[in-house]
$ cat target.cif   # mmCIF, C-alpha atoms
data_run
#
loop_
_atom_site.group_PDB
_atom_site.id
_atom_site.type_symbol
_atom_site.label_atom_id
_atom_site.label_comp_id
_atom_site.auth_asym_id
_atom_site.auth_seq_id
_atom_site.Cartn_x
_atom_site.Cartn_y
_atom_site.Cartn_z
ATOM 1 C CA MET A 243 38.157 -50.305 17.839
ATOM 2 C CA THR A 244 37.671 -47.734 15.081
ATOM 3 C CA ASP A 245 40.538 -45.792 13.566
ATOM 4 C CA HIS A 246 39.164 -42.664 15.217
ATOM 5 C CA GLU A 247 39.253 -44.280 18.660
ATOM 6 C CA TRP A 248 42.740 -45.601 18.010
ATOM 7 C CA TYR A 249 43.873 -42.186 16.797
ATOM 8 C CA GLU A 250 42.612 -40.573 20.016
ATOM 9 C CA LEU A 251 44.509 -43.136 22.090
ATOM 10 C CA VAL A 252 47.704 -42.644 20.095
ATOM 11 C CA LYS A 253 47.403 -38.893 20.563
ATOM 12 C CA GLU A 254 47.116 -39.355 24.319
ATOM 13 C CA GLY A 255 50.415 -41.281 24.257
ATOM 14 C CA GLY A 256 49.201 -44.038 26.557
ATOM 15 C CA ASP A 257 50.015 -47.700 26.315
ATOM 16 C CA ALA A 258 46.650 -48.779 24.944
ATOM 17 C CA GLY A 259 47.137 -46.878 21.704
ATOM 18 C CA TRP A 260 50.869 -47.452 21.379
ATOM 19 C CA LYS A 261 50.601 -51.172 22.021
ATOM 20 C CA LEU A 262 48.448 -51.323 18.896
ATOM 21 C CA VAL A 263 51.008 -49.207 17.041
ATOM 22 C CA TRP A 264 53.586 -51.797 17.985
ATOM 23 C CA GLU A 265 51.406 -54.693 16.827
ATOM 24 C CA ARG A 266 49.888 -53.172 13.699
ATOM 25 C CA VAL A 267 52.685 -50.927 12.460
ATOM 26 C CA ILE A 268 56.140 -51.699 13.837
ATOM 27 C CA VAL A 269 56.046 -55.494 13.911
ATOM 28 C CA PRO A 270 54.644 -55.994 10.373
ATOM 29 C CA GLU A 271 57.102 -53.500 8.893
ATOM 30 C CA ALA A 272 60.070 -54.940 10.771
ATOM 31 C CA LYS A 273 59.093 -58.466 9.719
ATOM 32 C CA SER A 274 58.808 -57.840 5.999
ATOM 33 C CA SER A 275 61.823 -59.485 4.420
ATOM 34 C CA LYS A 276 62.921 -56.373 2.515
ATOM 35 C CA ASN A 277 62.762 -54.168 5.587
ATOM 36 C CA ALA A 278 64.339 -56.797 7.826
ATOM 37 C CA ASP A 279 67.302 -56.924 5.469
ATOM 38 C CA LEU A 280 67.673 -53.134 5.417
ATOM 39 C CA MET A 281 67.298 -52.909 9.179
ATOM 40 C CA ARG A 282 70.033 -55.481 9.661
ATOM 41 C CA ARG A 283 72.257 -53.567 7.277
ATOM 42 C CA TYR A 284 71.676 -50.208 8.953
ATOM 43 C CA SER A 285 71.704 -51.528 12.537
ATOM 44 C CA LEU A 286 68.107 -50.543 13.171
ATOM 45 C CA THR A 287 65.948 -52.410 15.656
ATOM 46 C CA ASP A 288 62.184 -52.524 15.957
ATOM 47 C CA GLY A 289 62.663 -50.622 19.198
ATOM 48 C CA ASP A 290 64.478 -47.872 17.310
ATOM 49 C CA LEU A 291 61.552 -47.581 14.899
ATOM 50 C CA MET A 292 59.110 -47.390 17.793
ATOM 51 C CA GLY A 293 61.205 -44.696 19.442
ATOM 52 C CA MET A 294 61.461 -42.658 16.246
ATOM 53 C CA LEU A 295 57.747 -42.918 15.548
ATOM 54 C CA TYR A 296 56.856 -42.007 19.116
ATOM 55 C CA GLU A 297 59.173 -39.023 19.074
ATOM 56 C CA GLU A 298 57.940 -37.819 15.708
ATOM 57 C CA MET A 299 54.245 -38.279 16.450
ATOM 58 C CA LEU A 300 54.160 -36.962 20.000
ATOM 59 C CA GLY A 301 57.456 -35.156 20.500
ATOM 60 C CA ARG A 302 57.091 -33.200 17.272
ATOM 61 C CA ARG A 303 53.298 -33.415 17.153
ATOM 62 C CA LYS A 304 53.171 -34.928 13.666
ATOM 63 C CA ILE A 305 50.142 -36.862 14.849
ATOM 64 C CA ASP A 306 48.187 -33.619 14.455
ATOM 65 C CA LEU A 307 48.766 -33.834 10.700
ATOM 66 C CA TYR A 308 46.717 -37.002 10.418
ATOM 67 C CA ARG A 309 43.394 -36.220 8.770
ATOM 68 C CA ASP A 310 40.983 -38.136 10.898
ATOM 69 C CA ASP A 311 38.429 -38.449 8.104
ATOM 70 C CA GLY A 312 38.283 -42.161 7.501
ATOM 71 C CA GLY A 313 41.757 -42.751 6.073
ATOM 72 C CA SER A 314 43.747 -45.681 7.410
ATOM 73 C CA LEU A 315 45.778 -44.665 10.440
ATOM 74 C CA GLN A 316 47.733 -47.893 10.143
ATOM 75 C CA GLY A 317 48.706 -47.153 6.547
ATOM 76 C CA TRP A 318 49.607 -43.579 7.426
ATOM 77 C CA LEU A 319 51.878 -44.626 10.282
ATOM 78 C CA ARG A 320 53.473 -47.411 8.252
ATOM 79 C CA LYS A 321 54.556 -44.882 5.630
ATOM 80 C CA TYR A 322 56.528 -43.024 8.310
ATOM 81 C CA VAL A 323 58.165 -46.224 9.476
ATOM 82 C CA ARG A 324 59.156 -47.216 5.929
ATOM 83 C CA GLY A 325 60.669 -43.757 5.566
ATOM 84 C CA TYR A 326 62.789 -44.240 8.693
ATOM 85 C CA ILE A 327 64.153 -47.493 7.317
ATOM 86 C CA LEU A 328 64.958 -46.034 3.908
ATOM 87 C CA ASN A 329 66.455 -42.891 5.388
ATOM 88 C CA ALA A 330 68.729 -44.910 7.629
ATOM 89 C CA ASP A 331 70.901 -45.573 4.564
ATOM 90 C CA PRO A 332 74.076 -43.604 5.390
ATOM 91 C CA ASN A 333 74.836 -43.197 1.664
ATOM 92 C CA LYS A 334 71.770 -41.001 1.359
ATOM 93 C CA HIS A 335 73.209 -38.425 3.716
ATOM 94 C CA GLY A 336 76.713 -38.217 2.368
ATOM 95 C CA GLU A 337 78.000 -39.450 5.704
ATOM 96 C CA ILE A 338 79.909 -42.297 4.152
ATOM 97 C CA SER A 339 80.206 -43.617 0.659
ATOM 98 C CA ILE A 340 80.541 -47.327 0.713
ATOM 99 C CA GLU A 341 80.602 -47.512 -3.069
ATOM 100 C CA ASN A 342 83.469 -45.047 -3.409
ATOM 101 C CA ALA A 343 85.431 -46.916 -0.812
ATOM 102 C CA HIS A 344 85.224 -50.076 -2.855
ATOM 103 C CA ALA A 345 88.272 -51.116 -4.901
ATOM 104 C CA ASP A 346 86.167 -51.277 -8.059
ATOM 105 C CA ALA A 347 85.252 -47.610 -7.807
ATOM 106 C CA GLU A 348 88.272 -46.376 -9.769
ATOM 107 C CA ASP A 349 87.589 -48.679 -12.669
ATOM 108 C CA GLY A 350 84.015 -47.772 -13.383
ATOM 109 C CA PRO A 351 80.629 -47.870 -11.804
ATOM 110 C CA ALA A 352 80.625 -49.278 -8.324
ATOM 111 C CA THR A 353 79.380 -52.785 -7.860
ATOM 112 C CA MET A 354 75.920 -53.125 -6.351
ATOM 113 C CA GLU A 355 77.248 -55.714 -3.915
ATOM 114 C CA LEU A 356 78.275 -54.135 -0.649
ATOM 115 C CA PRO A 357 81.602 -55.446 0.591
ATOM 116 C CA VAL A 358 81.130 -57.381 3.803
ATOM 117 C CA ASP A 359 83.873 -55.498 5.631
ATOM 118 C CA ASP A 360 82.282 -52.149 4.872
ATOM 119 C CA ILE A 361 78.902 -53.291 6.064
ATOM 120 C CA ASN A 362 80.529 -54.364 9.279
ATOM 121 C CA MET A 363 82.325 -51.049 9.555
ATOM 122 C CA VAL A 364 79.083 -49.111 9.137
ATOM 123 C CA ARG A 365 77.387 -51.381 11.619
ATOM 124 C CA ASN A 366 80.191 -51.014 14.123
ATOM 125 C CA GLU A 367 80.305 -47.255 13.766
ATOM 126 C CA ALA A 368 76.554 -46.994 14.228
ATOM 127 C CA TRP A 369 76.788 -49.246 17.261
ATOM 128 C CA ASN A 370 79.681 -47.261 18.751
ATOM 129 C CA MET A 371 77.854 -44.013 18.081
ATOM 130 C CA THR A 372 74.812 -45.409 19.862
ATOM 131 C CA HIS A 373 77.001 -46.185 22.852
ATOM 132 C CA LEU A 374 78.509 -42.711 22.869
ATOM 133 C CA CYS A 375 75.096 -41.074 22.705
ATOM 134 C CA PHE A 376 73.752 -43.392 25.359
ATOM 135 C CA ARG A 377 76.664 -42.542 27.642
ATOM 136 C CA ASP A 378 75.805 -38.869 27.172
ATOM 137 C CA LEU A 379 72.212 -39.643 28.038
ATOM 138 C CA TRP A 380 73.373 -41.464 31.160
ATOM 139 C CA ASN A 381 75.414 -38.443 32.264
ATOM 140 C CA GLU A 382 72.464 -36.163 31.576
ATOM 141 C CA GLY A 383 70.049 -38.241 33.633
ATOM 142 C CA PRO A 384 70.477 -41.891 34.562
ATOM 143 C CA GLU A 385 66.749 -42.428 35.063
ATOM 144 C CA ARG A 386 66.104 -41.372 31.475
ATOM 145 C CA ALA A 387 68.727 -43.852 30.315
ATOM 146 C CA TYR A 388 67.018 -46.622 32.282
ATOM 147 C CA VAL A 389 63.662 -45.693 30.716
ATOM 148 C CA MET A 390 65.151 -45.640 27.216
ATOM 149 C CA LEU A 391 66.760 -49.032 27.722
ATOM 150 C CA LEU A 392 63.705 -50.653 29.276
ATOM 151 C CA LYS A 393 61.429 -49.386 26.492
ATOM 152 C CA THR A 394 63.600 -50.064 23.493
ATOM 153 C CA ARG A 395 65.665 -53.118 24.446
ATOM 154 C CA PHE A 396 63.300 -54.885 26.812
ATOM 155 C CA HIS A 397 60.037 -53.593 25.333
ATOM 156 C CA LEU A 398 58.472 -52.912 28.718
ATOM 157 C CA SER A 399 55.251 -50.922 28.796
ATOM 158 C CA SER A 400 55.083 -47.584 30.547
ATOM 159 C CA GLU A 401 53.128 -49.188 33.390
ATOM 160 C CA GLU A 402 55.792 -51.839 33.845
ATOM 161 C CA ILE A 403 58.561 -49.227 33.864
ATOM 162 C CA ARG A 404 56.603 -47.050 36.290
ATOM 163 C CA ASP A 405 56.339 -49.982 38.685
ATOM 164 C CA MET A 406 59.896 -51.179 38.195
ATOM 165 C CA LEU A 407 61.576 -47.792 38.698
ATOM 166 C CA ASP A 408 58.940 -46.477 41.086
ATOM 167 C CA CYS A 409 58.162 -43.476 38.852
ATOM 168 C CA SER A 410 55.290 -41.166 39.714
ATOM 169 C CA SER A 411 53.074 -42.029 36.708
ATOM 170 C CA THR A 412 53.021 -43.515 33.233
ATOM 171 C CA ALA A 413 52.834 -39.970 31.846
ATOM 172 C CA ASN A 414 56.105 -39.280 33.629
ATOM 173 C CA VAL A 415 57.642 -42.373 32.006
ATOM 174 C CA ASP A 416 56.344 -41.345 28.566
ATOM 175 C CA GLN A 417 57.731 -37.860 29.001
ATOM 176 C CA MET A 418 61.143 -39.180 30.010
ATOM 177 C CA PHE A 419 61.158 -41.536 27.044
ATOM 178 C CA SER A 420 60.200 -38.793 24.616
ATOM 179 C CA ARG A 421 62.945 -36.540 25.965
ATOM 180 C CA SER A 422 65.458 -39.376 25.825
ATOM 181 C CA VAL A 423 64.756 -40.013 22.158
ATOM 182 C CA LYS A 424 65.135 -36.313 21.443
ATOM 183 C CA PHE A 425 68.354 -36.162 23.425
ATOM 184 C CA MET A 426 69.812 -39.189 21.624
ATOM 185 C CA ARG A 427 69.070 -37.641 18.244
ATOM 186 C CA GLN A 428 70.715 -34.385 19.231
ATOM 187 C CA ALA A 429 73.687 -36.237 20.702
ATOM 188 C CA TRP A 430 74.058 -38.184 17.465
ATOM 189 C CA VAL A 431 74.192 -34.945 15.465
ATOM 190 C CA ARG A 432 76.702 -33.451 17.924
ATOM 191 C CA TRP A 433 79.032 -36.450 17.697
ATOM 192 C CA ASP A 434 78.633 -36.562 13.956
ATOM 193 C CA ARG A 435 79.675 -32.900 13.625
ATOM 194 C CA LYS A 436 82.640 -33.406 15.907
ATOM 195 C CA GLY A 437 83.787 -36.307 13.796
ATOM 196 C CA PHE A 438 83.391 -39.812 15.004
ATOM 197 C CA VAL A 439 85.594 -40.693 17.949
ATOM 198 C CA LYS A 440 85.665 -44.264 19.136
ATOM 199 C CA CYS A 441 84.527 -44.692 22.696
ATOM 200 C CA MET B 248 57.983 -51.129 43.189
ATOM 201 C CA LYS B 249 57.899 -54.340 41.236
ATOM 202 C CA VAL B 250 59.661 -56.040 38.341
ATOM 203 C CA PRO B 251 57.174 -57.287 35.716
ATOM 204 C CA GLU B 252 56.054 -60.868 36.305
ATOM 205 C CA GLY B 253 57.821 -63.394 34.130
ATOM 206 C CA LYS B 254 60.356 -60.905 32.782
ATOM 207 C CA THR B 255 63.875 -61.056 34.120
ATOM 208 C CA ILE B 256 65.727 -57.863 33.288
ATOM 209 C CA THR B 257 69.512 -57.741 33.268
ATOM 210 C CA LEU B 258 71.157 -54.333 33.085
ATOM 211 C CA THR B 259 74.771 -54.231 31.972
ATOM 212 C CA PHE B 260 77.204 -51.595 33.123
ATOM 213 C CA VAL B 261 80.640 -51.332 31.523
ATOM 214 C CA SER B 262 83.802 -49.391 32.200
ATOM 215 C CA HIS B 263 84.801 -46.479 30.042
ATOM 216 C CA GLN B 264 87.459 -47.624 27.611
ATOM 217 C CA VAL B 265 90.903 -48.016 29.104
ATOM 218 C CA LYS B 266 93.910 -49.524 27.330
ATOM 219 C CA ASP B 267 94.598 -52.330 29.753
ATOM 220 C CA THR B 268 91.912 -54.982 29.333
ATOM 221 C CA LYS B 269 92.518 -56.143 32.906
ATOM 222 C CA MET B 270 91.408 -52.700 34.067
ATOM 223 C CA ARG B 271 88.150 -52.882 32.136
ATOM 224 C CA TRP B 272 85.085 -54.380 33.718
ATOM 225 C CA ALA B 273 81.487 -55.345 33.018
ATOM 226 C CA VAL B 274 78.782 -55.729 35.624
ATOM 227 C CA ASN B 275 75.361 -57.321 35.264
ATOM 228 C CA VAL B 276 72.614 -56.386 37.678
ATOM 229 C CA THR B 277 69.687 -58.779 37.443
ATOM 230 C CA PHE B 278 66.093 -57.949 38.292
ATOM 231 C CA PRO B 279 64.248 -61.256 38.696
ATOM 232 C CA GLY B 280 60.720 -61.297 37.285
ATOM 233 C CA GLY B 281 58.118 -60.417 39.920
ATOM 234 C CA ALA B 282 60.715 -59.150 42.423
ATOM 235 C CA GLY B 283 59.266 -56.709 44.954
ATOM 236 C CA ALA B 284 60.529 -54.084 47.345
ATOM 237 C CA ASP B 285 62.126 -56.614 49.684
ATOM 238 C CA ALA B 286 64.185 -58.248 46.933
ATOM 239 C CA ARG B 287 67.939 -58.246 46.710
ATOM 240 C CA LEU B 288 69.326 -57.999 43.193
ATOM 241 C CA PRO B 289 72.249 -60.230 42.224
ATOM 242 C CA VAL B 290 75.291 -58.441 40.825
ATOM 243 C CA HIS B 291 77.884 -60.230 38.700
ATOM 244 C CA ALA B 292 81.215 -58.553 37.905
ATOM 245 C CA GLU B 293 83.943 -59.524 35.433
ATOM 246 C CA ASP B 294 87.079 -57.831 34.213
ATOM 247 C CA GLY B 295 87.782 -57.069 30.559
ATOM 248 C CA GLU B 296 89.155 -60.558 30.023
ATOM 249 C CA GLY B 297 86.028 -62.257 31.299
ATOM 250 C CA THR B 298 87.503 -63.216 34.647
ATOM 251 C CA PRO B 299 85.208 -62.736 37.654
ATOM 252 C CA VAL B 300 86.343 -59.840 39.829
ATOM 253 C CA ALA B 301 87.884 -61.594 42.812
ATOM 254 C CA GLU B 302 87.419 -58.695 45.185
ATOM 255 C CA GLY B 303 86.266 -55.141 44.796
ATOM 256 C CA VAL B 304 83.617 -52.549 45.402
ATOM 257 C CA PHE B 305 81.161 -51.610 42.708
ATOM 258 C CA GLU B 306 79.782 -48.160 43.371
ATOM 259 C CA PHE B 307 76.506 -47.366 41.687
ATOM 260 C CA ALA B 308 73.092 -45.994 42.604
ATOM 261 C CA GLY B 309 74.855 -44.258 45.480
ATOM 262 C CA GLN B 310 75.704 -47.616 47.050
ATOM 263 C CA ALA B 311 78.967 -49.459 47.551
ATOM 264 C CA VAL B 312 78.316 -53.041 46.483
ATOM 265 C CA ARG B 313 80.915 -55.441 47.749
ATOM 266 C CA ILE B 314 82.065 -57.953 45.143
ATOM 267 C CA ARG B 315 83.628 -61.269 46.089
ATOM 268 C CA GLY B 316 84.353 -64.046 43.642
ATOM 269 C CA GLY B 317 82.577 -62.040 40.954
ATOM 270 C CA GLU B 318 79.319 -61.838 42.920
ATOM 271 C CA GLY B 319 77.555 -59.234 45.005
ATOM 272 C CA GLU B 320 74.061 -57.938 45.642
ATOM 273 C CA ILE B 321 72.125 -54.747 46.176
ATOM 274 C CA ALA B 322 68.743 -54.146 47.778
ATOM 275 C CA TYR B 323 66.090 -53.273 45.214
ATOM 276 C CA THR B 324 64.996 -50.326 47.350
ATOM 277 C CA ASP B 325 68.554 -48.978 47.396
ATOM 278 C CA PHE B 326 68.745 -49.235 43.627
ATOM 279 C CA VAL B 327 65.507 -47.286 43.223
ATOM 280 C CA ALA B 328 66.557 -44.679 45.794
ATOM 281 C CA GLY B 329 69.782 -44.103 43.856
ATOM 282 C CA LYS B 330 68.413 -44.365 40.322
ATOM 283 C CA ASN B 331 69.414 -40.762 39.538
ATOM 284 C CA GLU B 332 73.020 -41.177 40.612
ATOM 285 C CA PRO B 333 75.276 -41.077 37.535
ATOM 286 C CA ALA B 334 78.592 -41.887 39.250
ATOM 287 C CA ILE B 335 79.706 -45.468 38.703
ATOM 288 C CA TRP B 336 83.039 -46.862 39.781
ATOM 289 C CA MET B 337 84.716 -50.195 40.087
ATOM 290 C CA LYS B 338 87.311 -50.162 42.831
ATOM 291 C CA ARG B 339 89.668 -53.114 43.154
ATOM 292 C CA PRO B 340 92.568 -53.568 45.536
ATOM 293 C CA GLY B 341 95.876 -52.544 43.976
ATOM 294 C CA MET B 342 94.223 -50.956 40.947
ATOM 295 C CA ASP B 343 93.097 -47.441 40.126
ATOM 296 C CA PRO B 344 89.310 -46.949 40.290
ATOM 297 C CA VAL B 345 87.741 -47.190 36.829
ATOM 298 C CA PRO B 346 84.524 -45.298 36.014
ATOM 299 C CA GLY B 347 81.730 -46.642 33.838
ATOM 300 C CA ALA B 348 78.130 -46.286 32.777
ATOM 301 C CA LEU B 349 75.025 -48.210 31.849
ATOM 302 C CA THR B 350 75.343 -49.634 28.375
ATOM 303 C CA PHE B 351 72.886 -50.198 25.549
ATOM 304 C CA ALA B 352 73.610 -53.910 25.374
#
$ encode --input "target.cif" --output "structure tokens"
Amino acid sequence: MTDHEWYELVKEGGDAGWKLVWERVIVPEAKSSKNADLMRRYSLTDGDLMGMLYEEMLGRRKIDLYRDDGGSLQGWLRKYVRGYILNADPNKHGEISIENAHADAEDGPATMELPVDDINMVRNEAWNMTHLCFRDLWNEGPERAYVMLLKTRFHLSSEEIRDMLDCSSTANVDQMFSRSVKFMRQAWVRWDRKGFVKC
Amino acid sequence: MKVPEGKTITLTFVSHQVKDTKMRWAVNVTFPGGAGADARLPVHAEDGEGTPVAEGVFEFAGQAVRIRGGEGEIAYTDFVAGKNEPAIWMKRPGMDPVPGALTFA
């Protein structure tokens, strides 16, 4: 399959194109040791990356920015995924400063080693936030929550989800998934603005 | 209506947080791989301390699933018919009903 053919399939949002995205983009990036370490640290899963890429490419139509003139679609998509991993660092957004929280901070430059407890705290907060947002998604529309879970945790294809939940079509599944990702992002921002409240 | 062949899916529902761990609950609904419209889905219910719910009614998907000895079941068709129903409750004798939701676990 040529990059052009693949690009057309990705644009359509169907499983054929996105299965290749999973195999050629998400899996290699998630498996690289550097990224795997960062993903563990920031509580990111390969399913999260897939969801973010799907939402950005189709939900926000970034796929239209790809210049289909012979450049590597795989390389182009992988750059986005690397960006998601790097941008998941909460220190980059001023949401939490692990370094400043460290005991060494008063005495000079913060150590480069992240204290284990703080990593766990960040991980737990991210996990709890995910649960809060997911609960909101459930209240908004349980079927969307099922779709989100089946895609990102169980890695089912749209066809499999269509059959399992008896949805009208794969396009319907894709649309629900895209809206779920968007909703989760908005919910995350809402909870973040309110100040984190444990569920 | 069919669960993918060779893939058993277990959905976990949990109670909203309540102080008393005995009041909390977690329910697993299992979709056996390849199950079709005539399948019945096993339901397993525990309280917040990991003890099987001796007796209760788990309300979800618009159905009241009777739990005995931590186990119950729901028809696959009933689950699909009620897939848009957000209300989830665990009702146990002598205890207040406790709401919950699907969890990302």
$ resolve_selection --input "target.cif" --expression "the PyMOL selection byres ((chain B and resi 283-298) around 7)" --output "list in words"
Met248, Lys249, Val250, Thr268, Lys269, Met270, Arg271, Trp272, Ala273, Val274, Asn275, Val276, Thr277, Phe278, Gly281, Ala282, Pro299, Val300, Gly317, Glu318, Gly319, Glu320, Ile321, Ala322, Tyr323 and Thr324 of chain B
$ closest_atom_pairs --input "target.cif" --of "chain A" --to "chain B" --cutoff "8 Å" --atoms "all atoms listed in the file" --output "JSON lines"
{"residue": "A:Thr372", "atom": "CA", "partner": "B:Phe351", "partner_atom": "CA", "distance": 7.7}
{"residue": "A:His373", "atom": "CA", "partner": "B:Phe351", "partner_atom": "CA", "distance": 6.3}
{"residue": "A:Phe376", "atom": "CA", "partner": "B:Phe351", "partner_atom": "CA", "distance": 6.9}
{"residue": "A:Arg377", "atom": "CA", "partner": "B:Ala348", "partner_atom": "CA", "distance": 6.5}
{"residue": "A:Trp380", "atom": "CA", "partner": "B:Pro333", "partner_atom": "CA", "distance": 6.7}
{"residue": "A:Asn381", "atom": "CA", "partner": "B:Pro333", "partner_atom": "CA", "distance": 5.9}
{"residue": "A:Gly383", "atom": "CA", "partner": "B:Asn331", "partner_atom": "CA", "distance": 6.5}
{"residue": "A:Pro384", "atom": "CA", "partner": "B:Asn331", "partner_atom": "CA", "distance": 5.2}
{"residue": "A:Glu385", "atom": "CA", "partner": "B:Asn331", "partner_atom": "CA", "distance": 5.5}
{"residue": "A:Ala387", "atom": "CA", "partner": "B:Leu349", "partner_atom": "CA", "distance": 7.8}
{"residue": "A:Leu391", "atom": "CA", "partner": "B:Phe351", "partner_atom": "CA", "distance": 6.6}
{"residue": "A:Arg395", "atom": "CA", "partner": "B:Phe351", "partner_atom": "CA", "distance": 7.9}
{"residue": "A:Phe396", "atom": "CA", "partner": "B:Ile256", "partner_atom": "CA", "distance": 7.5}
{"residue": "A:Glu402", "atom": "CA", "partner": "B:Pro251", "partner_atom": "CA", "distance": 5.9}
{"residue": "A:Asp405", "atom": "CA", "partner": "B:Met248", "partner_atom": "CA", "distance": 4.9}
{"residue": "A:Met406", "atom": "CA", "partner": "B:Lys249", "partner_atom": "CA", "distance": 4.8}
{"residue": "A:Leu407", "atom": "CA", "partner": "B:Val327", "partner_atom": "CA", "distance": 6.0}
{"residue": "A:Asp408", "atom": "CA", "partner": "B:Met248", "partner_atom": "CA", "distance": 5.2}
{"residue": "A:Cys441", "atom": "CA", "partner": "B:Gln264", "partner_atom": "CA", "distance": 6.4}
$ resolve_selection --input "target.cif" --expression "the PyMOL selection byres ((chain A and resi 289) around 12)" --output "list of chain:residue names"
A:Val263, A:Trp264, A:Ile268, A:Val269, A:Ala272, A:Met281, A:Ser285, A:Leu286, A:Thr287, A:Asp288, A:Asp290, A:Leu291, A:Met292, A:Gly293, A:Met294, A:Leu295, A:Tyr296, A:Val323, A:Met390, A:Leu391, A:Leu392, A:Lys393, A:Thr394, A:Arg395, A:Phe396, A:His397, A:Leu398, A:Val423
$ resolve_selection --input "target.cif" --expression "the PyMOL selection byres ((chain A and resi 413) around 10)" --output "short mmCIF file (atom, residue, chain, number, x, y, z; two decimals) with C-alpha atoms, in the frame of the given file"
data_model
loop_
_atom_site.label_atom_id
_atom_site.label_comp_id
_atom_site.auth_asym_id
_atom_site.auth_seq_id
_atom_site.Cartn_x
_atom_site.Cartn_y
_atom_site.Cartn_z
CA GLU A 254 47.12 -39.35 24.32
CA GLY A 255 50.42 -41.28 24.26
CA GLY A 256 49.20 -44.04 26.56
CA ASP A 257 50.02 -47.70 26.32
CA SER A 400 55.08 -47.58 30.55
CA GLU A 401 53.13 -49.19 33.39
CA ARG A 404 56.60 -47.05 36.29
CA CYS A 409 58.16 -43.48 38.85
CA SER A 410 55.29 -41.17 39.71
CA SER A 411 53.07 -42.03 36.71
CA THR A 412 53.02 -43.52 33.23
CA ASN A 414 56.10 -39.28 33.63
CA VAL A 415 57.64 -42.37 32.01
CA ASP A 416 56.34 -41.34 28.57
CA GLN A 417 57.73 -37.86 29.00
CA MET A 418 61.14 -39.18 30.01
CA PHE A 419 61.16 -41.54 27.04
#
$ atom_distance --input "target.cif" --atom1 "CA of Gly325 in chain A" --atom2 "CA of His246 in chain A"
23.6 Å
